[in-house]
Amino acid sequence: ARGRIRDSGISSNTFQVSSEQSDFTCLHRILDVVNEAATGHHFAMIQFPMNLIENGAVLNDNQPDGSTLLATAIRAGLGTLVNRPLNAMAADGLMRLADVTLSPAFSSEAIIGAIQALMRSENDLAQEILPRLDVSEALRERIEVQNTIGPFLLQQHSGFASYDHWRQVMTSQLLPRVNGVLAYLEQQALGDNIHDWAIAHRQYLAVALDAVTSIYAESAAHRAQALNKIVANADEAWEGEGTLSQMAIRAIRTTQGISSVLVGMRQPQYVEDILQELRRFKPATSNATGWGYIRDRIREMDRFSGHHRRRTT
């Protein structure tokens, strides 16, 4: 009424899912509600997840009249904002739709050795360095607990669901704990022995994490390469060079009816990667056939991977 808000919209993670799901958000019903509420409503946009794996906005005929979410939004003249274009919820958890850099391969013995070296360094801090520090016993115990991740790695290193699952645990749980301890100790100017230990410990930590990463990186890299080829073959408008993240964005931004693609910008290289893709001219077309091709090829790839895993096990 005051003119401060021009338009409104709804964001839902379940706009694009099957209508059989209990938490399905029906766009057709929402349009009925807003049209009944007022002739001059300002409902103008929707936001929903869409990516190479979660492609229901284009392929699921989930509206009461048999239309897809995107087709209904186009007819209603709605703006469509896509989120999570590079973070897909796959069968085995979150999957980052980006190229995977292969780290040096580690043998099983080398992986165990790297983790055990990290554990020895953790023990050096707990048994030799912390007892000599002029800090409270409670703080010493807290530092020791926060810094001790070696036993967890030793027990769990081969048990993560996927490369992305491991990366998520490493970056959101393990590294913040250890880096917090190292930052605190280095800020306290507690002596050369702490400084020397911290330098060595960072190296032990890096090698141990690289060793665990090597267990999952190769298969993840092959999957990323396969996905890149699938997108390139799905539609003529999507052909051309590009990283997997660029190809994933390309498929969405050239799909008719998509207004905006919302990408994360936590790191400068993420931004440059997307800007490089946006410099390429690609026309928007109705790409339902291309998305169907992607869905079918990914299903075939997952069936093959599941069969291979069962045989290996």
# chains A, B, ... in the order shown; residues from 1 in each chain; ligands from 1
>>> select_by_dssp(residues="range 61-257 of chain A", states="strand (DSSP E or B)", output="list in words")
Gly79, Thr80, Leu81, Val82, Asn83, Asn87, Ala88, Met89, Ala90, Gly93, Leu94, Met95, Arg96 and Thr255 of chain A
>>> residues_around(residues="range 133-139 of chain A", least_positions_apart="3", cutoff="12 Å", atoms="only C-alpha atoms", output="JSON, numbers by chain")
{"A": [125, 126, 127, 128, 129, 130, 142, 143, 144, 145, 146, 181, 184, 185, 188, 189, 190, 191, 193, 194]}
>>> closest_atom_pairs(of="range 24-62 of chain A", to="range 95-111 of chain A", cutoff="10 Å", atoms="only C-alpha atoms", output="CSV")
residue,atom,partner,partner_atom,distance
A:Asn51,CA,A:Leu97,CA,8.5
A:Leu52,CA,A:Leu97,CA,8.1
A:Ile53,CA,A:Met95,CA,9.1
>>> write_last_selection(atoms="C-alpha atoms", output="tab-separated table (two decimals), in the first residue's frame")
chain	number	residue	atom	x	y	z
A	51	ASN	CA	19.80	-28.58	-11.36
A	52	LEU	CA	20.98	-31.49	-13.50
A	53	ILE	CA	19.77	-34.02	-10.93
>>> closest_residue(among="A:His41, A:Arg297, A:Arg120, A:Lys282", to="His201 in chain A", atoms="only C-alpha atoms")
A:Arg120
>>> closest_atom_pairs(of="range 55-77 of chain A", to="range 29-33 of chain A", cutoff="12 Å", atoms="only C-alpha atoms", output="Markdown table")
| residue | atom | partner | partner_atom | distance |
| --- | --- | --- | --- | --- |
| A:Asn62 | CA | A:Arg29 | CA | 11.6 |
| A:Gln63 | CA | A:Arg29 | CA | 8.7 |
| A:Pro64 | CA | A:Arg29 | CA | 8.7 |
| A:Asp65 | CA | A:Arg29 | CA | 11.0 |
| A:Leu69 | CA | A:Arg29 | CA | 11.7 |
| A:Thr72 | CA | A:Leu31 | CA | 9.7 |
| A:Ala73 | CA | A:Leu31 | CA | 9.6 |
| A:Arg75 | CA | A:Leu31 | CA | 11.1 |
| A:Ala76 | CA | A:Leu31 | CA | 8.2 |
| A:Gly77 | CA | A:Leu31 | CA | 11.1 |
>>> write_last_selection(atoms="C-alpha atoms", output="compact mmCIF listing (two decimals), in the first residue's frame")
# COMPACT_ATOMS: atom_id res chain seq x y z
CA ASN A 62 2.58 -32.22 -11.24
CA GLN A 63 -0.10 -29.54 -11.73
CA PRO A 64 -3.83 -30.46 -11.68
CA ASP A 65 -4.17 -29.79 -15.42
CA LEU A 69 5.71 -26.18 -12.87
CA THR A 72 2.37 -23.09 -15.48
CA ALA A 73 4.67 -20.26 -14.40
CA ARG A 75 1.41 -19.06 -18.67
CA ALA A 76 0.88 -17.03 -15.49
CA GLY A 77 3.65 -14.57 -16.43
>>> atom_distance(atom1="CA of Glu122 in chain A", atom2="CA of Thr171 in chain A")
19.1 Å
